[in-house]
Amino acid sequence: MMTKPAETRLPVLHWRTTPRSGDTRSVRKLIQASGVFSPEEIDVAEELVRERLDKGTASGYEFVFAETGESLAGSACYGRVPLTRASYDLDWIAVGPNQQRRGVGQQLLARVEDDLRARGGGNLYVETSSRPSYEAARRFYASAGYRECARFPDFYAPGDAKVVFLKRFP
Ligand SMILES: CC(C)(COP(=O)(O)OP(=O)(O)OC[C@H]1O[C@@H](n2cnc3c(N)ncnc32)[C@H](O)[C@@H]1OP(=O)(O)O)[C@@H](O)C(=O)NCCC(=O)NCCS
């Protein structure tokens with residue numbers, strides 16, 4: 001029987017949804033290392049963890065953490081958009097550079113989606129950029145069944161559109 005080369009095999013992951021105090025640092029490190037986020041976005045990602053630690057679920061931010069041993073392999077943050085019945089934003093998702101393309105992102109997203117279904121379904125929106133550095137992210141969402149539903153030209157900067165993907169969970 002053929003086996004996959006070691007580096008392509010899915011690592012053993014431990015899953016967690018409740019943030020701990022050390023996550024502010026580990027999320028900053030992860031988001032930074034993933035290589036596409038701006039310093040401002042890195043600050044915001046860390047701030048969302050802090051807000052959740054301070055306010056609990058009342059913060060409106062939910063998390064999924066995938067760990068290998070002591071280190072964070074990937075993480076996702078999402079939450080219901082205020083004033084909507086069941087529309088959710090995926091605020092960010094990131095997988096460490098050494099763990100990418102091994103199915104970690106797909107599993108993170110599947111866990112977010114399972115939670116949405118458990119809450120009765122809804123719409124999951126993902127905002128990304130049209131920049132070439134987000135090509136992998138756009139392919140990743142498309143491969144998971146997300147469809148582009150809106151595009152805002154020059155949103156982030158001239159020539160850099162906001163691209164919104166949507167998947168519905170009936
Ligand atoms: C986008 C990201 C979360 C994907 O996580 P991942 O664990 O590497 O993705 P997976 O291994 O689960 O990939 C699932 C599928 O998505 C697609 N995909 C993922 N990365 C891709 C890439 N670099 N190029 C083309 N397709 C890609 C493929 O179809 C892949 O399936 P395959 O490997 O069987 O072909 C990860 O690349 C990342 O952290 N990027 C930097 C941060 C980022 O861009 N976040 C999103 C901001 S909007």
# chains A, B, ... in the order shown; residues from 1 in each chain; ligands from 1

$ residues_around --residues "A:Val164" --least-positions-apart "2" --cutoff "7 Å" --atoms "only C-alpha atoms" --output "PyMOL selection string"
chain A and resi 125-128+148-151+162+166

$ write_last_selection --atoms "N, CA, C and O atoms" --output "tab-separated table (two decimals), in the first residue's frame"
chain	number	residue	atom	x	y	z
A	125	TYR	N	-19.86	34.42	6.16
A	125	TYR	CA	-19.19	35.35	5.23
A	125	TYR	C	-17.70	35.40	5.53
A	125	TYR	O	-17.31	35.39	6.71
A	126	VAL	N	-16.91	35.47	4.49
A	126	VAL	CA	-15.47	35.58	4.63
A	126	VAL	C	-15.00	36.74	3.77
A	126	VAL	O	-15.30	36.79	2.58
A	127	GLU	N	-14.29	37.67	4.39
A	127	GLU	CA	-13.76	38.80	3.63
A	127	GLU	C	-12.28	38.56	3.36
A	127	GLU	O	-11.53	38.23	4.27
A	128	THR	N	-11.90	38.75	2.10
A	128	THR	CA	-10.49	38.63	1.79
A	128	THR	C	-10.12	39.70	0.76
A	128	THR	O	-10.95	40.54	0.42
A	148	GLU	N	-17.86	33.47	-4.32
A	148	GLU	CA	-17.74	34.94	-4.25
A	148	GLU	C	-19.13	35.55	-4.37
A	148	GLU	O	-19.86	35.24	-5.30
A	149	CYS	N	-19.51	36.43	-3.42
A	149	CYS	CA	-20.84	37.03	-3.49
A	149	CYS	C	-20.76	38.55	-3.63
A	149	CYS	O	-21.77	39.19	-3.89
A	150	ALA	N	-19.58	39.13	-3.43
A	150	ALA	CA	-19.46	40.59	-3.59
A	150	ALA	C	-17.99	40.97	-3.75
A	150	ALA	O	-17.11	40.26	-3.27
A	151	ARG	N	-17.79	42.08	-4.42
A	151	ARG	CA	-16.43	42.58	-4.64
A	151	ARG	C	-16.50	44.10	-4.56
A	151	ARG	O	-17.32	44.73	-5.21
A	162	LYS	N	-11.88	44.40	-1.85
A	162	LYS	CA	-12.38	43.45	-0.84
A	162	LYS	C	-13.23	42.42	-1.57
A	162	LYS	O	-14.12	42.78	-2.34
A	166	LEU	N	-19.17	33.56	0.44
A	166	LEU	CA	-20.31	33.16	1.27
A	166	LEU	C	-20.58	31.67	1.14
A	166	LEU	O	-20.50	31.11	0.04

$ residues_near_ligand --ligand "ligand 1" --cutoff "9 Å" --atoms "only C-alpha atoms and all ligand atoms" --output "PyMOL selection string"
chain A and resi 10+30-31+33-37+73-76+90-97+99-109+126-129+133-144

$ write_last_selection --atoms "C-alpha atoms" --output "PDB file, in the first residue's frame"
ATOM      1  CA  LEU A  10      -1.874  15.355   8.744  1.00  0.00           C
ATOM      2  CA  LEU A  30       0.771  32.485  14.410  1.00  0.00           C
ATOM      3  CA  ILE A  31      -0.877  35.366  12.536  1.00  0.00           C
ATOM      4  CA  ALA A  33       4.151  33.859  10.826  1.00  0.00           C
ATOM      5  CA  SER A  34       1.371  33.100   8.338  1.00  0.00           C
ATOM      6  CA  GLY A  35       2.867  35.948   6.315  1.00  0.00           C
ATOM      7  CA  VAL A  36      -0.094  37.772   4.753  1.00  0.00           C
ATOM      8  CA  PHE A  37      -1.507  39.982   7.493  1.00  0.00           C
ATOM      9  CA  ALA A  73      -0.711  24.888  14.410  1.00  0.00           C
ATOM     10  CA  GLY A  74      -3.744  26.921  13.396  1.00  0.00           C
ATOM     11  CA  SER A  75      -6.640  28.939  14.625  1.00  0.00           C
ATOM     12  CA  ALA A  76      -9.888  30.529  13.487  1.00  0.00           C
ATOM     13  CA  LEU A  90     -15.060  34.506   9.780  1.00  0.00           C
ATOM     14  CA  ASP A  91     -12.783  37.173  11.275  1.00  0.00           C
ATOM     15  CA  TRP A  92      -9.582  35.293  10.496  1.00  0.00           C
ATOM     16  CA  ILE A  93      -8.172  31.862   9.915  1.00  0.00           C
ATOM     17  CA  ALA A  94      -4.481  31.025   9.855  1.00  0.00           C
ATOM     18  CA  VAL A  95      -2.256  27.976   9.767  1.00  0.00           C
ATOM     19  CA  GLY A  96       1.455  28.082  10.659  1.00  0.00           C
ATOM     20  CA  PRO A  97       3.749  28.040   7.611  1.00  0.00           C
ATOM     21  CA  GLN A  99       1.740  23.064   8.760  1.00  0.00           C
ATOM     22  CA  GLN A 100       0.117  24.528   5.652  1.00  0.00           C
ATOM     23  CA  ARG A 101      -1.311  22.376   2.879  1.00  0.00           C
ATOM     24  CA  ARG A 102      -1.780  19.390   5.211  1.00  0.00           C
ATOM     25  CA  GLY A 103      -5.501  19.763   5.790  1.00  0.00           C
ATOM     26  CA  VAL A 104      -5.332  21.778   9.048  1.00  0.00           C
ATOM     27  CA  GLY A 105      -7.181  24.778   7.560  1.00  0.00           C
ATOM     28  CA  GLN A 106      -9.854  22.520   6.133  1.00  0.00           C
ATOM     29  CA  GLN A 107     -10.403  20.954   9.569  1.00  0.00           C
ATOM     30  CA  LEU A 108     -10.534  24.337  11.304  1.00  0.00           C
ATOM     31  CA  LEU A 109     -13.165  25.524   8.841  1.00  0.00           C
ATOM     32  CA  VAL A 126     -15.465  35.578   4.626  1.00  0.00           C
ATOM     33  CA  GLU A 127     -13.755  38.804   3.628  1.00  0.00           C
ATOM     34  CA  THR A 128     -10.489  38.627   1.791  1.00  0.00           C
ATOM     35  CA  SER A 129      -8.383  40.723  -0.543  1.00  0.00           C
ATOM     36  CA  SER A 133      -0.726  37.158  -1.617  1.00  0.00           C
ATOM     37  CA  TYR A 134      -4.325  36.084  -0.871  1.00  0.00           C
ATOM     38  CA  GLU A 135      -4.560  33.760  -3.884  1.00  0.00           C
ATOM     39  CA  ALA A 136      -4.010  30.717  -1.618  1.00  0.00           C
ATOM     40  CA  ALA A 137      -6.804  31.906   0.691  1.00  0.00           C
ATOM     41  CA  ARG A 138      -9.211  32.432  -2.214  1.00  0.00           C
ATOM     42  CA  ARG A 139      -8.465  28.952  -3.553  1.00  0.00           C
ATOM     43  CA  PHE A 140      -8.836  27.532  -0.069  1.00  0.00           C
ATOM     44  CA  TYR A 141     -12.340  29.034   0.355  1.00  0.00           C
ATOM     45  CA  ALA A 142     -13.409  28.007  -3.161  1.00  0.00           C
ATOM     46  CA  SER A 143     -12.250  24.435  -2.476  1.00  0.00           C
ATOM     47  CA  ALA A 144     -14.406  24.383   0.665  1.00  0.00           C
TER      48      ALA A 144
END

$ select_by_dssp --residues "stretch 22-152 of chain A" --states "strand (DSSP E)" --output "ChimeraX atom specification"
/A:62-68,71-80,87-95,122-129,147-152

$ residues_around --residues "A:Leu53" --least-positions-apart "2" --cutoff "10 Å" --atoms "only C-alpha atoms" --output "list in words"
Thr18, Pro19, Arg20, Ser21, Asp23, Thr24, Glu47, Leu48, Val49, Arg50, Glu51, Lys55, Gly56, Thr57, Ser59 and Tyr61 of chain A

$ residues_around --residues "A:Ala86" --least-positions-apart "2" --cutoff "9 Å" --atoms "only C-alpha atoms" --output "list in words"
Arg80, Val81, Thr84, Tyr88, Leu116, Arg119, Gly120, Gly121, Gly122, Asn123 and Leu124 of chain A

$ closest_residue --among "A:Gly79, A:Leu13, A:Pro158, A:Ser26" --to "A:Ile42" --atoms "only C-alpha atoms"
A:Ser26

$ atom_distance --atom1 "atom CA of A:Tyr78" --atom2 "atom CA of A:Pro153"
24.3 Å
